[in-house]
Amino acid sequence: MDFPPGLVTRFQEAKQILVLTGAGISAESGIPTFREAQTGLWSQYKPEDLASPLAFNQDPKKVWEWYAWRRKLISIAKPNAGHQALVAMQKHIPAFTLVTQNIDNLHQQAGSKDIIELHGNIFRARCLDENRVLLSWDNKSDMPPHCPQCGGILRPDVVWFGESLPHNLLQKAFSAAQTCNLVLVIGTSGLVQPAASIPLVALEHGAIFVEINPGRTPLSGDAHYCLTGPSGILLPALVAAAWADV
Ligand code: OAD
């Protein structure tokens, strides 16, 4: 595959790379992106109307049922060649930061390390009373489920519309943005803040900005390089061109 002149060298020479991923990197694993229509039972709802504190307060059972349905869809998905290429890239870069807006656990499954999950993880629940994070809970007898230790109501451990992102994670992401040589943005519509401003901060601090997406986004105009196409094809080709090991 031919890449724009100079691009492969940028990757080979980078000492610090920041990668930001969105739903698009998991599209080739069969997980619909956030802005695609929902299917089946839930097609009458918009994600924005279910993934919110208001929706949870009004009908926690319905919100949990929606998350159970999404968890089932996600749990049969496997990481794709794009996720795997990032694992290979990480081995070649002295300082590599992977920030994701995805809650699907596929970067972890592929073997990426130290992932900054800005929007949480669908396979975790959190207790509303004591903020305890759980990896398993009783989803069957009780709806909404309750914390086995304090009895508080559990919620999915994800960030909902209108909520703030975890401060410590944002700080890590923005501090990497200020020091990286190259920022690689993959499969995100660039519409949701504050994640969308991470590449712009990197750009302001002198980083090369590379975007991978089959379409154009509000960030495309700022990118030095826009690689147009699916990440499951482009990322392995890029890693193979730079380091010949994918
Ligand atoms: P979106 O669903 O908004 O955007 C997905 C992006 O992936 C689009 O720009 C597509 O063009 C691109 N895409 C589709 N197929 C692709 C492929 N094979 N390879 C690469 N890119 C592809 O998803 P996000 O930008 O991740 O927030 O959405 C960001 C946040 O908005 C989500 O985390 C969620 C949502 O509201 C919360 O839940 C808080």
# chains A, B, ... in the order shown; residues from 1 in each chain; ligands from 1

$ residues_near_ligand --ligand "ligand 1" --cutoff "7 Å" --atoms "only C-alpha atoms and all ligand atoms" --output "PyMOL selection string"
chain A and resi 21-25+27-28+33-36+51+101-102+119+159-161+186-192+212-215+217+229-232

$ residues_around --residues "Pro156 in chain A" --least-positions-apart "6" --cutoff "12 Å" --atoms "only C-alpha atoms" --output "mmCIF file with all heavy atoms, in the first residue's frame"
data_model
loop_
_atom_site.group_PDB
_atom_site.id
_atom_site.type_symbol
_atom_site.label_atom_id
_atom_site.label_comp_id
_atom_site.auth_asym_id
_atom_site.auth_seq_id
_atom_site.Cartn_x
_atom_site.Cartn_y
_atom_site.Cartn_z
ATOM 1 N N LEU A 50 -30.995 6.924 26.376
ATOM 2 C CA LEU A 50 -30.843 5.829 27.341
ATOM 3 C C LEU A 50 -29.575 5.990 28.174
ATOM 4 O O LEU A 50 -29.552 5.605 29.341
ATOM 5 C CB LEU A 50 -30.800 4.484 26.596
ATOM 6 C CG LEU A 50 -32.118 4.084 25.927
ATOM 7 C CD1 LEU A 50 -31.888 3.013 24.876
ATOM 8 C CD2 LEU A 50 -33.119 3.592 26.967
ATOM 9 N N ALA A 51 -28.547 6.544 27.542
ATOM 10 C CA ALA A 51 -27.263 6.695 28.241
ATOM 11 C C ALA A 51 -27.225 8.061 28.913
ATOM 12 O O ALA A 51 -26.452 8.947 28.532
ATOM 13 C CB ALA A 51 -26.114 6.543 27.234
ATOM 14 N N SER A 52 -28.077 8.246 29.898
ATOM 15 C CA SER A 52 -28.064 9.535 30.602
ATOM 16 C C SER A 52 -28.514 9.338 32.044
ATOM 17 O O SER A 52 -29.294 8.420 32.336
ATOM 18 C CB SER A 52 -28.993 10.539 29.905
ATOM 19 O OG SER A 52 -30.332 10.287 30.256
ATOM 20 N N PRO A 53 -28.059 10.207 32.938
ATOM 21 C CA PRO A 53 -28.482 10.110 34.343
ATOM 22 C C PRO A 53 -30.002 10.262 34.469
ATOM 23 O O PRO A 53 -30.626 9.576 35.275
ATOM 24 C CB PRO A 53 -27.761 11.288 35.027
ATOM 25 C CG PRO A 53 -26.675 11.694 34.096
ATOM 26 C CD PRO A 53 -27.102 11.292 32.716
ATOM 27 N N PHE A 56 -31.672 7.029 33.655
ATOM 28 C CA PHE A 56 -31.446 6.040 34.721
ATOM 29 C C PHE A 56 -32.331 6.339 35.929
ATOM 30 O O PHE A 56 -32.901 5.437 36.532
ATOM 31 C CB PHE A 56 -29.968 6.020 35.106
ATOM 32 C CG PHE A 56 -29.605 4.860 35.987
ATOM 33 C CD1 PHE A 56 -29.598 3.564 35.496
ATOM 34 C CD2 PHE A 56 -29.263 5.057 37.319
ATOM 35 C CE1 PHE A 56 -29.263 2.475 36.299
ATOM 36 C CE2 PHE A 56 -28.924 3.976 38.139
ATOM 37 C CZ PHE A 56 -28.922 2.690 37.623
ATOM 38 N N PRO A 60 -34.392 2.851 35.781
ATOM 39 C CA PRO A 60 -33.118 2.123 35.833
ATOM 40 C C PRO A 60 -33.205 0.729 35.216
ATOM 41 O O PRO A 60 -32.261 0.246 34.607
ATOM 42 C CB PRO A 60 -32.791 2.044 37.329
ATOM 43 C CG PRO A 60 -34.026 2.412 38.056
ATOM 44 C CD PRO A 60 -34.882 3.218 37.121
ATOM 45 N N LYS A 61 -34.391 0.101 35.328
ATOM 46 C CA LYS A 61 -34.541 -1.256 34.786
ATOM 47 C C LYS A 61 -34.351 -1.223 33.265
ATOM 48 O O LYS A 61 -33.626 -2.036 32.692
ATOM 49 C CB LYS A 61 -35.939 -1.760 35.163
ATOM 50 C CG LYS A 61 -36.253 -3.149 34.737
ATOM 51 C CD LYS A 61 -37.576 -3.587 35.401
ATOM 52 C CE LYS A 61 -37.990 -4.985 35.018
ATOM 53 N NZ LYS A 61 -38.482 -5.147 33.689
ATOM 54 N N VAL A 63 -32.768 0.992 31.448
ATOM 55 C CA VAL A 63 -31.378 1.303 31.082
ATOM 56 C C VAL A 63 -30.497 0.068 31.263
ATOM 57 O O VAL A 63 -29.683 -0.261 30.396
ATOM 58 C CB VAL A 63 -30.863 2.516 31.895
ATOM 59 C CG1 VAL A 63 -29.376 2.726 31.674
ATOM 60 C CG2 VAL A 63 -31.648 3.771 31.511
ATOM 61 N N TRP A 64 -30.705 -0.670 32.374
ATOM 62 C CA TRP A 64 -29.914 -1.894 32.581
ATOM 63 C C TRP A 64 -30.193 -2.928 31.501
ATOM 64 O O TRP A 64 -29.302 -3.640 31.047
ATOM 65 C CB TRP A 64 -30.191 -2.491 33.967
ATOM 66 C CG TRP A 64 -29.176 -2.048 34.988
ATOM 67 C CD1 TRP A 64 -29.398 -1.230 36.056
ATOM 68 C CD2 TRP A 64 -27.781 -2.389 35.028
ATOM 69 N NE1 TRP A 64 -28.234 -1.037 36.757
ATOM 70 C CE2 TRP A 64 -27.227 -1.741 36.139
ATOM 71 C CE3 TRP A 64 -26.964 -3.170 34.225
ATOM 72 C CZ2 TRP A 64 -25.882 -1.846 36.495
ATOM 73 C CZ3 TRP A 64 -25.611 -3.281 34.549
ATOM 74 C CH2 TRP A 64 -25.092 -2.622 35.672
ATOM 75 N N GLU A 65 -31.467 -3.006 31.082
ATOM 76 C CA GLU A 65 -31.797 -3.996 30.036
ATOM 77 C C GLU A 65 -31.107 -3.646 28.721
ATOM 78 O O GLU A 65 -30.628 -4.513 28.002
ATOM 79 C CB GLU A 65 -33.317 -4.083 29.853
ATOM 80 C CG GLU A 65 -33.938 -4.905 30.965
ATOM 81 C CD GLU A 65 -35.466 -4.797 31.022
ATOM 82 O OE1 GLU A 65 -36.050 -4.016 30.232
ATOM 83 O OE2 GLU A 65 -36.048 -5.471 31.883
ATOM 84 N N TRP A 66 -31.050 -2.350 28.442
ATOM 85 C CA TRP A 66 -30.360 -1.915 27.216
ATOM 86 C C TRP A 66 -28.876 -2.266 27.304
ATOM 87 O O TRP A 66 -28.278 -2.775 26.362
ATOM 88 C CB TRP A 66 -30.565 -0.397 27.024
ATOM 89 C CG TRP A 66 -29.917 0.149 25.798
ATOM 90 C CD1 TRP A 66 -30.149 -0.231 24.501
ATOM 91 C CD2 TRP A 66 -28.927 1.195 25.733
ATOM 92 N NE1 TRP A 66 -29.371 0.512 23.645
ATOM 93 C CE2 TRP A 66 -28.619 1.388 24.370
ATOM 94 C CE3 TRP A 66 -28.296 1.988 26.695
ATOM 95 C CZ2 TRP A 66 -27.692 2.352 23.943
ATOM 96 C CZ3 TRP A 66 -27.379 2.931 26.268
ATOM 97 C CH2 TRP A 66 -27.081 3.110 24.914
ATOM 98 N N TYR A 67 -28.270 -2.010 28.460
ATOM 99 C CA TYR A 67 -26.836 -2.335 28.615
ATOM 100 C C TYR A 67 -26.607 -3.843 28.550
ATOM 101 O O TYR A 67 -25.598 -4.292 28.017
ATOM 102 C CB TYR A 67 -26.260 -1.728 29.897
ATOM 103 C CG TYR A 67 -25.816 -0.305 29.651
ATOM 104 C CD1 TYR A 67 -26.620 0.770 29.981
ATOM 105 C CD2 TYR A 67 -24.604 -0.031 29.005
ATOM 106 C CE1 TYR A 67 -26.247 2.069 29.709
ATOM 107 C CE2 TYR A 67 -24.222 1.267 28.724
ATOM 108 C CZ TYR A 67 -25.045 2.309 29.079
ATOM 109 O OH TYR A 67 -24.659 3.592 28.780
ATOM 110 N N ALA A 68 -27.554 -4.622 29.082
ATOM 111 C CA ALA A 68 -27.386 -6.092 29.021
ATOM 112 C C ALA A 68 -27.398 -6.538 27.558
ATOM 113 O O ALA A 68 -26.603 -7.380 27.137
ATOM 114 C CB ALA A 68 -28.510 -6.771 29.796
ATOM 115 N N ARG A 70 -26.551 -4.669 24.941
ATOM 116 C CA ARG A 70 -25.299 -4.228 24.296
ATOM 117 C C ARG A 70 -24.120 -5.097 24.744
ATOM 118 O O ARG A 70 -23.238 -5.419 23.962
ATOM 119 C CB ARG A 70 -25.017 -2.755 24.647
ATOM 120 C CG ARG A 70 -26.020 -1.806 24.007
ATOM 121 C CD ARG A 70 -25.664 -0.365 24.277
ATOM 122 N NE ARG A 70 -24.408 0.016 23.675
ATOM 123 C CZ ARG A 70 -23.657 1.033 24.096
ATOM 124 N NH1 ARG A 70 -24.031 1.752 25.128
ATOM 125 N NH2 ARG A 70 -22.545 1.335 23.481
ATOM 126 N N ARG A 71 -24.118 -5.452 26.055
ATOM 127 C CA ARG A 71 -23.017 -6.299 26.552
ATOM 128 C C ARG A 71 -22.981 -7.631 25.823
ATOM 129 O O ARG A 71 -21.934 -8.144 25.476
ATOM 130 C CB ARG A 71 -23.175 -6.530 28.057
ATOM 131 C CG ARG A 71 -22.002 -5.991 28.842
ATOM 132 C CD ARG A 71 -21.922 -6.399 30.283
ATOM 133 N NE ARG A 71 -23.105 -6.959 30.838
ATOM 134 C CZ ARG A 71 -24.053 -6.277 31.465
ATOM 135 N NH1 ARG A 71 -23.943 -4.958 31.603
ATOM 136 N NH2 ARG A 71 -25.098 -6.881 31.960
ATOM 137 N N ILE A 103 -16.025 1.525 25.073
ATOM 138 C CA ILE A 103 -16.273 0.863 26.353
ATOM 139 C C ILE A 103 -16.287 -0.650 26.164
ATOM 140 O O ILE A 103 -16.744 -1.393 27.018
ATOM 141 C CB ILE A 103 -17.610 1.354 26.960
ATOM 142 C CG1 ILE A 103 -18.798 1.072 26.011
ATOM 143 C CG2 ILE A 103 -17.544 2.837 27.262
ATOM 144 C CD1 ILE A 103 -20.158 1.404 26.616
ATOM 145 N N HIS A 119 -14.376 6.781 28.599
ATOM 146 C CA HIS A 119 -15.822 6.655 28.798
ATOM 147 C C HIS A 119 -16.225 5.423 29.601
ATOM 148 O O HIS A 119 -17.388 5.036 29.593
ATOM 149 C CB HIS A 119 -16.547 6.675 27.437
ATOM 150 C CG HIS A 119 -16.471 8.009 26.751
ATOM 151 N ND1 HIS A 119 -16.816 8.219 25.436
ATOM 152 C CD2 HIS A 119 -16.073 9.220 27.208
ATOM 153 C CE1 HIS A 119 -16.639 9.494 25.119
ATOM 154 N NE2 HIS A 119 -16.183 10.122 26.173
ATOM 155 N N GLY A 120 -15.247 4.800 30.277
ATOM 156 C CA GLY A 120 -15.566 3.661 31.135
ATOM 157 C C GLY A 120 -15.523 2.338 30.384
ATOM 158 O O GLY A 120 -14.903 2.230 29.318
ATOM 159 N N ASN A 121 -16.199 1.342 30.959
ATOM 160 C CA ASN A 121 -16.128 -0.014 30.405
ATOM 161 C C ASN A 121 -17.455 -0.721 30.688
ATOM 162 O O ASN A 121 -17.917 -0.753 31.836
ATOM 163 C CB ASN A 121 -14.952 -0.757 31.064
ATOM 164 C CG ASN A 121 -14.683 -2.083 30.435
ATOM 165 O OD1 ASN A 121 -15.571 -2.928 30.331
ATOM 166 N ND2 ASN A 121 -13.453 -2.282 30.003
ATOM 167 N N ILE A 122 -18.030 -1.274 29.642
ATOM 168 C CA ILE A 122 -19.374 -1.860 29.764
ATOM 169 C C ILE A 122 -19.369 -3.137 30.611
ATOM 170 O O ILE A 122 -20.413 -3.588 31.070
ATOM 171 C CB ILE A 122 -19.983 -2.117 28.367
ATOM 172 C CG1 ILE A 122 -21.501 -2.304 28.456
ATOM 173 C CG2 ILE A 122 -19.299 -3.290 27.661
ATOM 174 C CD1 ILE A 122 -22.219 -2.233 27.145
ATOM 175 N N PHE A 123 -18.192 -3.712 30.842
ATOM 176 C CA PHE A 123 -18.115 -4.940 31.646
ATOM 177 C C PHE A 123 -17.883 -4.646 33.131
ATOM 178 O O PHE A 123 -17.576 -5.546 33.898
ATOM 179 C CB PHE A 123 -17.041 -5.882 31.084
ATOM 180 C CG PHE A 123 -17.389 -6.346 29.692
ATOM 181 C CD1 PHE A 123 -16.741 -5.833 28.581
ATOM 182 C CD2 PHE A 123 -18.408 -7.272 29.495
ATOM 183 C CE1 PHE A 123 -17.085 -6.246 27.292
ATOM 184 C CE2 PHE A 123 -18.764 -7.686 28.211
ATOM 185 C CZ PHE A 123 -18.100 -7.172 27.116
ATOM 186 N N ARG A 124 -18.022 -3.379 33.504
ATOM 187 C CA ARG A 124 -17.924 -3.024 34.936
ATOM 188 C C ARG A 124 -19.223 -2.359 35.386
ATOM 189 O O ARG A 124 -19.903 -1.708 34.593
ATOM 190 C CB ARG A 124 -16.780 -2.014 35.161
ATOM 191 C CG ARG A 124 -15.387 -2.529 34.855
ATOM 192 C CD ARG A 124 -14.315 -1.595 35.432
ATOM 193 N NE ARG A 124 -14.498 -0.216 35.024
ATOM 194 C CZ ARG A 124 -13.688 0.434 34.172
ATOM 195 N NH1 ARG A 124 -12.634 -0.165 33.663
ATOM 196 N NH2 ARG A 124 -13.924 1.687 33.857
ATOM 197 N N ALA A 125 -19.517 -2.517 36.676
ATOM 198 C CA ALA A 125 -20.635 -1.777 37.275
ATOM 199 C C ALA A 125 -20.081 -0.985 38.458
ATOM 200 O O ALA A 125 -18.987 -1.285 38.955
ATOM 201 C CB ALA A 125 -21.701 -2.738 37.750
ATOM 202 N N ARG A 126 -20.810 0.051 38.855
ATOM 203 C CA ARG A 126 -20.337 0.880 39.970
ATOM 204 C C ARG A 126 -21.503 1.108 40.925
ATOM 205 O O ARG A 126 -22.641 1.336 40.507
ATOM 206 C CB ARG A 126 -19.810 2.203 39.417
ATOM 207 C CG ARG A 126 -19.229 3.140 40.435
ATOM 208 C CD ARG A 126 -18.212 4.094 39.780
ATOM 209 N NE ARG A 126 -18.683 4.716 38.555
ATOM 210 C CZ ARG A 126 -19.444 5.790 38.506
ATOM 211 N NH1 ARG A 126 -19.864 6.378 39.605
ATOM 212 N NH2 ARG A 126 -19.800 6.311 37.338
ATOM 213 N N CYS A 127 -21.171 1.064 42.216
ATOM 214 C CA CYS A 127 -22.189 1.228 43.243
ATOM 215 C C CYS A 127 -22.422 2.721 43.484
ATOM 216 O O CYS A 127 -21.478 3.485 43.673
ATOM 217 C CB CYS A 127 -21.657 0.530 44.488
ATOM 218 S SG CYS A 127 -22.430 1.050 45.965
ATOM 219 N N LEU A 128 -23.692 3.119 43.472
ATOM 220 C CA LEU A 128 -24.002 4.542 43.622
ATOM 221 C C LEU A 128 -23.719 5.053 45.026
ATOM 222 O O LEU A 128 -23.404 6.222 45.215
ATOM 223 C CB LEU A 128 -25.480 4.795 43.302
ATOM 224 C CG LEU A 128 -25.882 4.750 41.832
ATOM 225 C CD1 LEU A 128 -27.353 5.064 41.680
ATOM 226 C CD2 LEU A 128 -25.047 5.722 41.013
ATOM 227 N N ASN A 131 -19.413 4.043 45.472
ATOM 228 C CA ASN A 131 -18.523 4.168 44.307
ATOM 229 C C ASN A 131 -17.671 2.929 44.054
ATOM 230 O O ASN A 131 -16.670 3.014 43.349
ATOM 231 C CB ASN A 131 -17.589 5.373 44.488
ATOM 232 C CG ASN A 131 -17.911 6.414 43.447
ATOM 233 O OD1 ASN A 131 -18.804 6.215 42.616
ATOM 234 N ND2 ASN A 131 -17.185 7.505 43.472
ATOM 235 N N ARG A 132 -18.040 1.808 44.654
ATOM 236 C CA ARG A 132 -17.257 0.583 44.482
ATOM 237 C C ARG A 132 -17.406 0.072 43.056
ATOM 238 O O ARG A 132 -18.516 0.041 42.509
ATOM 239 C CB ARG A 132 -17.793 -0.450 45.484
ATOM 240 C CG ARG A 132 -17.053 -1.734 45.555
ATOM 241 C CD ARG A 132 -17.615 -2.640 46.662
ATOM 242 N NE ARG A 132 -17.414 -2.110 48.000
ATOM 243 C CZ ARG A 132 -18.384 -1.632 48.786
ATOM 244 N NH1 ARG A 132 -19.641 -1.617 48.397
ATOM 245 N NH2 ARG A 132 -18.115 -1.162 49.988
ATOM 246 N N VAL A 133 -16.293 -0.329 42.428
ATOM 247 C CA VAL A 133 -16.355 -0.831 41.058
ATOM 248 C C VAL A 133 -16.384 -2.365 41.089
ATOM 249 O O VAL A 133 -15.585 -2.988 41.780
ATOM 250 C CB VAL A 133 -15.150 -0.315 40.242
ATOM 251 C CG1 VAL A 133 -15.089 -0.978 38.872
ATOM 252 C CG2 VAL A 133 -15.248 1.203 40.096
ATOM 253 N N LEU A 134 -17.317 -2.954 40.348
ATOM 254 C CA LEU A 134 -17.477 -4.415 40.340
ATOM 255 C C LEU A 134 -17.284 -4.963 38.932
ATOM 256 O O LEU A 134 -17.708 -4.341 37.955
ATOM 257 C CB LEU A 134 -18.884 -4.785 40.804
ATOM 258 C CG LEU A 134 -19.309 -4.313 42.186
ATOM 259 C CD1 LEU A 134 -20.761 -4.657 42.438
ATOM 260 C CD2 LEU A 134 -18.441 -4.955 43.264
ATOM 261 N N LEU A 135 -16.670 -6.143 38.858
ATOM 262 C CA LEU A 135 -16.484 -6.809 37.559
ATOM 263 C C LEU A 135 -17.533 -7.888 37.328
ATOM 264 O O LEU A 135 -17.709 -8.370 36.230
ATOM 265 C CB LEU A 135 -15.087 -7.432 37.473
ATOM 266 C CG LEU A 135 -13.936 -6.430 37.489
ATOM 267 C CD1 LEU A 135 -12.601 -7.151 37.493
ATOM 268 C CD2 LEU A 135 -14.028 -5.492 36.299
ATOM 269 N N SER A 136 -18.224 -8.279 38.405
ATOM 270 C CA SER A 136 -19.346 -9.204 38.216
ATOM 271 C C SER A 136 -20.408 -8.875 39.256
ATOM 272 O O SER A 136 -20.088 -8.379 40.339
ATOM 273 C CB SER A 136 -18.874 -10.646 38.337
ATOM 274 O OG SER A 136 -18.437 -10.892 39.639
ATOM 275 N N TRP A 137 -21.640 -9.143 38.888
ATOM 276 C CA TRP A 137 -22.752 -8.806 39.763
ATOM 277 C C TRP A 137 -23.946 -9.645 39.340
ATOM 278 O O TRP A 137 -23.948 -10.229 38.241
ATOM 279 C CB TRP A 137 -23.069 -7.296 39.690
ATOM 280 C CG TRP A 137 -23.390 -6.828 38.302
ATOM 281 C CD1 TRP A 137 -24.628 -6.714 37.742
ATOM 282 C CD2 TRP A 137 -22.454 -6.417 37.287
ATOM 283 N NE1 TRP A 137 -24.527 -6.269 36.443
ATOM 284 C CE2 TRP A 137 -23.207 -6.072 36.140
ATOM 285 C CE3 TRP A 137 -21.066 -6.297 37.216
ATOM 286 C CZ2 TRP A 137 -22.617 -5.629 34.959
ATOM 287 C CZ3 TRP A 137 -20.482 -5.859 36.028
ATOM 288 C CH2 TRP A 137 -21.247 -5.523 34.926
ATOM 289 N N ASN A 139 -27.182 -10.118 37.816
ATOM 290 C CA ASN A 139 -27.955 -9.367 36.827
ATOM 291 C C ASN A 139 -29.336 -9.955 36.635
ATOM 292 O O ASN A 139 -30.118 -9.459 35.856
ATOM 293 C CB ASN A 139 -27.197 -9.467 35.490
ATOM 294 C CG ASN A 139 -27.128 -8.125 34.810
ATOM 295 O OD1 ASN A 139 -27.781 -7.181 35.231
ATOM 296 N ND2 ASN A 139 -26.350 -8.043 33.760
ATOM 297 N N PRO A 144 -33.048 -2.710 39.251
ATOM 298 C CA PRO A 144 -31.626 -2.702 38.964
ATOM 299 C C PRO A 144 -30.859 -3.572 39.969
ATOM 300 O O PRO A 144 -31.316 -3.745 41.097
ATOM 301 C CB PRO A 144 -31.248 -1.221 39.144
ATOM 302 C CG PRO A 144 -32.235 -0.689 40.125
ATOM 303 C CD PRO A 144 -33.505 -1.429 39.828
ATOM 304 N N PRO A 145 -29.671 -4.068 39.564
ATOM 305 C CA PRO A 145 -28.883 -4.865 40.504
ATOM 306 C C PRO A 145 -28.367 -4.022 41.669
ATOM 307 O O PRO A 145 -28.268 -2.797 41.564
ATOM 308 C CB PRO A 145 -27.728 -5.382 39.648
ATOM 309 C CG PRO A 145 -27.723 -4.572 38.413
ATOM 310 C CD PRO A 145 -29.054 -3.939 38.243
ATOM 311 N N HIS A 146 -28.075 -4.703 42.774
ATOM 312 C CA HIS A 146 -27.580 -4.004 43.969
ATOM 313 C C HIS A 146 -26.182 -4.491 44.342
ATOM 314 O O HIS A 146 -25.810 -5.624 44.044
ATOM 315 C CB HIS A 146 -28.539 -4.216 45.143
ATOM 316 C CG HIS A 146 -29.812 -3.446 44.980
ATOM 317 N ND1 HIS A 146 -30.817 -3.855 44.119
ATOM 318 C CD2 HIS A 146 -30.232 -2.283 45.527
ATOM 319 C CE1 HIS A 146 -31.804 -2.966 44.154
ATOM 320 N NE2 HIS A 146 -31.475 -2.002 45.003
ATOM 321 N N CYS A 147 -25.469 -3.628 45.030
ATOM 322 C CA CYS A 147 -24.107 -3.953 45.462
ATOM 323 C C CYS A 147 -24.159 -5.064 46.514
ATOM 324 O O CYS A 147 -24.875 -4.934 47.510
ATOM 325 C CB CYS A 147 -23.455 -2.697 46.040
ATOM 326 S SG CYS A 147 -21.822 -3.012 46.712
#

$ residues_around --residues "range 162-171 of chain A" --least-positions-apart "6" --cutoff "10 Å" --atoms "only C-alpha atoms" --output "list in words"
Glu48, Ala51, Ser52, Pro53, Leu54, Val99, Ile115, Ile116, Glu117, Leu118, His119, Gly120, Ala177, Gln193, Pro194, Ala195 and Ile198 of chain A

$ select_by_dssp --residues "range 98-171 of chain A" --states "alpha helix (DSSP H)" --output "JSON, numbers by chain"
{"A": [106, 107, 108, 109, 110, 167, 168, 169, 170, 171]}

$ write_last_selection --atoms "C-alpha atoms" --output "tab-separated table (two decimals), in the first residue's frame"
chain	number	residue	atom	x	y	z
A	106	LEU	CA	-11.41	-4.89	22.66
A	107	HIS	CA	-8.08	-3.04	23.07
A	108	GLN	CA	-7.51	-5.00	26.30
A	109	GLN	CA	-8.48	-8.27	24.62
A	110	ALA	CA	-6.04	-7.58	21.79
A	167	HIS	CA	-10.49	13.92	36.02
A	168	ASN	CA	-7.33	11.83	36.50
A	169	LEU	CA	-7.77	10.10	33.13
A	170	LEU	CA	-8.37	13.36	31.31
A	171	GLN	CA	-5.29	14.82	32.92

$ residues_around --residues "Ile93 in chain A" --least-positions-apart "5" --cutoff "10 Å" --atoms "only C-alpha atoms" --output "PyMOL selection string"
chain A and resi 11-17+88

$ select_by_dssp --residues "range 52-231 of chain A" --states "strand (DSSP E)" --output "ChimeraX atom specification"
/A:95-100,115-117,120-127,133-134,154-158,182-186,208-213,225-228

$ closest_residue --among "A:Asp59, A:Asp104, A:Asp2, A:Asp138" --to "Lys78 in chain A" --atoms "only C-alpha atoms"
A:Asp104

$ atom_distance --atom1 "CA of Thr97 in chain A" --atom2 "CA of Asp114 in chain A"
7.5 Å

$ closest_residue --among "A:Met143, A:Ala244, A:Val210, A:Leu7" --to "Thr228 in chain A" --atoms "only C-alpha atoms"
A:Val210

$ closest_residue --among "A:Val185, A:Val201, A:Val239, A:Leu98" --to "Ser220 in chain A" --atoms "only C-alpha atoms"
A:Val185

$ closest_residue --among "A:Ile153, A:Pro148, A:Ser112, A:Met89" --to "Asp129 in chain A" --atoms "only C-alpha atoms"
A:Ile153

$ residues_around --residues "Pro4 in chain A" --least-positions-apart "5" --cutoff "12 Å" --atoms "only C-alpha atoms" --output "PyMOL selection string"
chain A and resi 9-10+210+224-228+238+241

$ write_last_selection --atoms "C-alpha atoms" --output "PDB file, in the first residue's frame"
ATOM      1  CA  THR A   9       9.251   7.998   8.537  1.00  0.00           C
ATOM      2  CA  ARG A  10       7.212  10.110  10.991  1.00  0.00           C
ATOM      3  CA  VAL A 210      -2.650  11.742  11.484  1.00  0.00           C
ATOM      4  CA  HIS A 224      -1.412  16.780   8.480  1.00  0.00           C
ATOM      5  CA  TYR A 225      -2.327  13.398   7.010  1.00  0.00           C
ATOM      6  CA  CYS A 226      -5.823  11.950   6.468  1.00  0.00           C
ATOM      7  CA  LEU A 227      -5.739   8.254   5.642  1.00  0.00           C
ATOM      8  CA  THR A 228      -9.123   7.488   4.162  1.00  0.00           C
ATOM      9  CA  LEU A 238       1.080   1.204   8.199  1.00  0.00           C
ATOM     10  CA  ALA A 241       5.483  -0.395   6.217  1.00  0.00           C
TER      11      ALA A 241
END

$ atom_distance --atom1 "CA of Phe96 in chain A" --atom2 "CA of Ser75 in chain A"
26.8 Å

$ atom_distance --atom1 "CA of Leu20 in chain A" --atom2 "CA of Tyr45 in chain A"
27.8 Å
